[in-house]
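A quick write-up on the structure given underneath.
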Amino acid sequence: MSIEIDLSGKRALVTGGAGGIGLACAEGLCRAGAEVTICDLSEVACETAVQELHADGHAVQYVAFDVSDRSACEAVFAQLATSGGVDILVTCAAVVKAVPILDFDPEDWARILDVNLSGTFHCCQLAGRQMVANGWGRIVTLSSVNGQIANAGRGAYSCTKGGVDMLTRLLAAELGDQGVTTNAVAPIPVDTPMIKKVHGPKDRELWHAQTPIKRYATTQEVADAVCFLASEQAGFINGHILNVDGGFMSSGILPKT
């Protein structure tokens, strides 16, 4: 039996929606019938993504802003409230830098925390208020297996994703009785432009060696998990960190094949 996800009439906001996982999530939500707004830091990137989605027959809006800017977030959510508010929030906006922890630049550390953790908090808090007022909502945060284990060189990124996991659980605990569920999707590396910048052949070889399904995740596979968690069918799933990882987090030492 297949699960048919119907999000007709639901208003969705996808941060980091101009590319990679965010763009795939926006497309998946559109296919399920949601009214989607994407946001990203670059207006040019947003325009390009919207044109791509429009070409596929999806009516999508966009707004360009920095999720780490609280005032900008408040202005955007105030505008969205005029058309009924946000029913589904997917937080994909993130930045990464791969540097050994002893060499990590404090300014880079602060920026990554501001975007990945504080930016997620701003959007979850502001969307959550609208969802509670409407009596229904789905928050899906984008985490990572790097938030659960210490991978060398991931520094601030890993710390932010561990924080996103806890934020997800806190939101689930506090909002669950008000019609709002909060869950996270935590993939291994996904074939996106961001990952291609920081992962070379050696990185891929190491990840493949430790993953039972010997490859990275696809954006579509992550988006499918997100859309399910945003659906009515996932209504009793709350506070869960869903690993989309090909078995990575379930494995120990894998024999060579």
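Going by the structure tokens order, chains are called A, B, ..., each with residues numbered from 1, while ligands are numbered from 1 in the order shown.
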
Next on the checklist: Give me the residues near A:Tyr62 as a ChimeraX atom specification, where near means some atom within 8 Å (using only C-alpha atoms) and where sequence neighbours in that chain fewer than 6 positions away do not count.
Outcome noted: /A:37-39,46-47,50

If you run DSSP on the backbone here, which positions in stretch 119-153 of chain A get strand (DSSP E or B)? Please write them as an mmCIF file with N, CA and C atoms, in the first residue's frame.
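New file part-v6.cif:
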```cif
data_model
loop_
_atom_site.group_PDB
_atom_site.id
_atom_site.type_symbol
_atom_site.label_atom_id
_atom_site.label_comp_id
_atom_site.auth_asym_id
_atom_site.auth_seq_id
_atom_site.Cartn_x
_atom_site.Cartn_y
_atom_site.Cartn_z
ATOM 1 N N GLY A 137 0.153 22.464 12.966
ATOM 2 C CA GLY A 137 1.418 22.829 12.346
ATOM 3 C C GLY A 137 2.381 21.662 12.275
ATOM 4 N N ARG A 138 3.305 21.771 11.348
ATOM 5 C CA ARG A 138 4.373 20.783 11.189
ATOM 6 C C ARG A 138 5.698 21.542 11.051
ATOM 7 N N ILE A 139 6.604 21.291 11.979
ATOM 8 C CA ILE A 139 7.960 21.824 11.884
ATOM 9 C C ILE A 139 8.884 20.647 11.592
ATOM 10 N N VAL A 140 9.647 20.759 10.516
ATOM 11 C CA VAL A 140 10.633 19.739 10.178
ATOM 12 C C VAL A 140 11.993 20.436 10.064
ATOM 13 N N THR A 141 12.882 20.138 10.992
ATOM 14 C CA THR A 141 14.214 20.724 10.950
ATOM 15 C C THR A 141 15.151 19.798 10.183
ATOM 16 N N LEU A 142 16.147 20.386 9.530
ATOM 17 C CA LEU A 142 17.164 19.595 8.846
ATOM 18 C C LEU A 142 18.380 19.504 9.759
#
```

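Considering the residues A:Glu52, A:Glu221, A:Asp103, A:Asp87 and counting only C-alpha atoms, A:Leu13 has its shortest atom-to-atom contact with A:Asp87.
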
Checklist entry - Any idea what the distance is between atom CA of A:Ser158 and atom CA of A:Ala217? => result 18.0 Å

Checklist entry - A:Gln148: which residues within 10 Å, counting only C-alpha atoms, same-chain residues fewer than 5 positions away excluded, as a ChimeraX atom specification? => result /A:143,158-159,161-163,165,186,241,249

Written file, previous selection with N, CA and C atoms, as a tab-separated table (two decimals), in the first residue's frame:
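The result, written out as out-v5.tsv:
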```tsv
chain	number	residue	atom	x	y	z
A	143	SER	N	18.63	18.30	10.22
A	143	SER	CA	19.78	18.05	11.06
A	143	SER	C	20.81	17.27	10.25
A	158	SER	N	28.88	20.38	13.33
A	158	SER	CA	28.40	19.28	14.17
A	158	SER	C	27.74	19.80	15.44
A	159	CYS	N	28.34	20.79	16.05
A	159	CYS	CA	27.77	21.36	17.28
A	159	CYS	C	26.40	21.98	17.02
A	161	LYS	N	24.27	21.11	14.68
A	161	LYS	CA	23.27	20.08	14.40
A	161	LYS	C	22.88	19.33	15.67
A	162	GLY	N	23.81	19.16	16.61
A	162	GLY	CA	23.43	18.62	17.91
A	162	GLY	C	22.46	19.55	18.61
A	163	GLY	N	22.68	20.85	18.47
A	163	GLY	CA	21.75	21.83	19.05
A	163	GLY	C	20.39	21.80	18.38
A	165	ASP	N	18.99	19.21	17.07
A	165	ASP	CA	18.30	18.02	17.58
A	165	ASP	C	17.60	18.33	18.90
A	186	ALA	N	17.77	13.70	9.62
A	186	ALA	CA	19.23	13.74	9.78
A	186	ALA	C	19.89	12.83	8.76
A	241	ILE	N	14.13	12.12	15.65
A	241	ILE	CA	15.23	12.43	14.74
A	241	ILE	C	15.32	11.28	13.75
A	249	MET	N	24.26	5.01	10.90
A	249	MET	CA	24.24	5.13	12.35
A	249	MET	C	23.95	3.79	13.04
```

Checklist entry - Hey, what's within 7 Å of A:Ala98 if we count only C-alpha atoms and toss same-chain stuff fewer than 6 positions away? As a PyMOL selection string, please? => result chain A and resi 153-155+198

Return as JSON lines the residues of stretch 107-191 of chain A lying at most 12 Å from stretch 207-211 of chain A, together with the closest atom-to-atom pair for each and the distance in Å to one decimal, counting only C-alpha atoms, with rows in chain order and ascending residue number.
```
{"residue": "A:Val145", "atom": "CA", "partner": "A:Trp207", "partner_atom": "CA", "distance": 11.8}
{"residue": "A:Asn151", "atom": "CA", "partner": "A:Trp207", "partner_atom": "CA", "distance": 10.7}
{"residue": "A:Pro187", "atom": "CA", "partner": "A:Thr211", "partner_atom": "CA", "distance": 11.8}
{"residue": "A:Ile188", "atom": "CA", "partner": "A:Trp207", "partner_atom": "CA", "distance": 8.5}
{"residue": "A:Pro189", "atom": "CA", "partner": "A:Trp207", "partner_atom": "CA", "distance": 8.2}
{"residue": "A:Val190", "atom": "CA", "partner": "A:Trp207", "partner_atom": "CA", "distance": 11.0}
```

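Using only C-alpha atoms, the contacts of A:Glu35 at a cut-off of 9 Å, with sequence neighbours closer than 5 positions omitted, comprise Leu7, Ser8, Gly9, Lys10, Arg11, Ala12, Leu13, Leu29, Cys30, Ala59, Val60 and Gln61 of chain A.
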
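The residue that comes closest to A:Ala45, out of A:Phe228, A:Phe104, A:Phe65, A:Phe248 and on the basis of only C-alpha atoms, is A:Phe65.
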
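Atom CA of A:Ile112 lies 23.1 Å from atom CA of A:Tyr216.
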
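Checking A:Asp40, A:Glu27, A:Asp66, A:Asp245 one by one against A:His54, counting only C-alpha atoms, you find the shortest gap at A:Glu27.
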
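The shortest atom-to-atom distance to A:Val226, with only C-alpha atoms taken into account, belongs to A:Leu89 out of A:Leu117, A:Ala110, A:Val96, A:Leu89.
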
Checklist entry - Which of stretch 160-225 of chain A counts as helix (DSSP H, G or I) under DSSP, as a PyMOL selection string please? => result chain A and resi 160-178+193-198+201-210+219-225

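The residue set within 8 Å of stretch 75-78 of chain A, counting only C-alpha atoms and dropping same-chain residues fewer than 5 places from it, reads Val63, Gly85, Leu126 and Ala127 of chain A.
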
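Between atom CA of A:Glu43 and atom CA of A:Val67 there is a distance of 13.5 Å.
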
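The residue that comes closest to A:Ala223, out of A:Asp6, A:Asp69, A:Val244, A:Arg111 and on the basis of only C-alpha atoms, is A:Val244.
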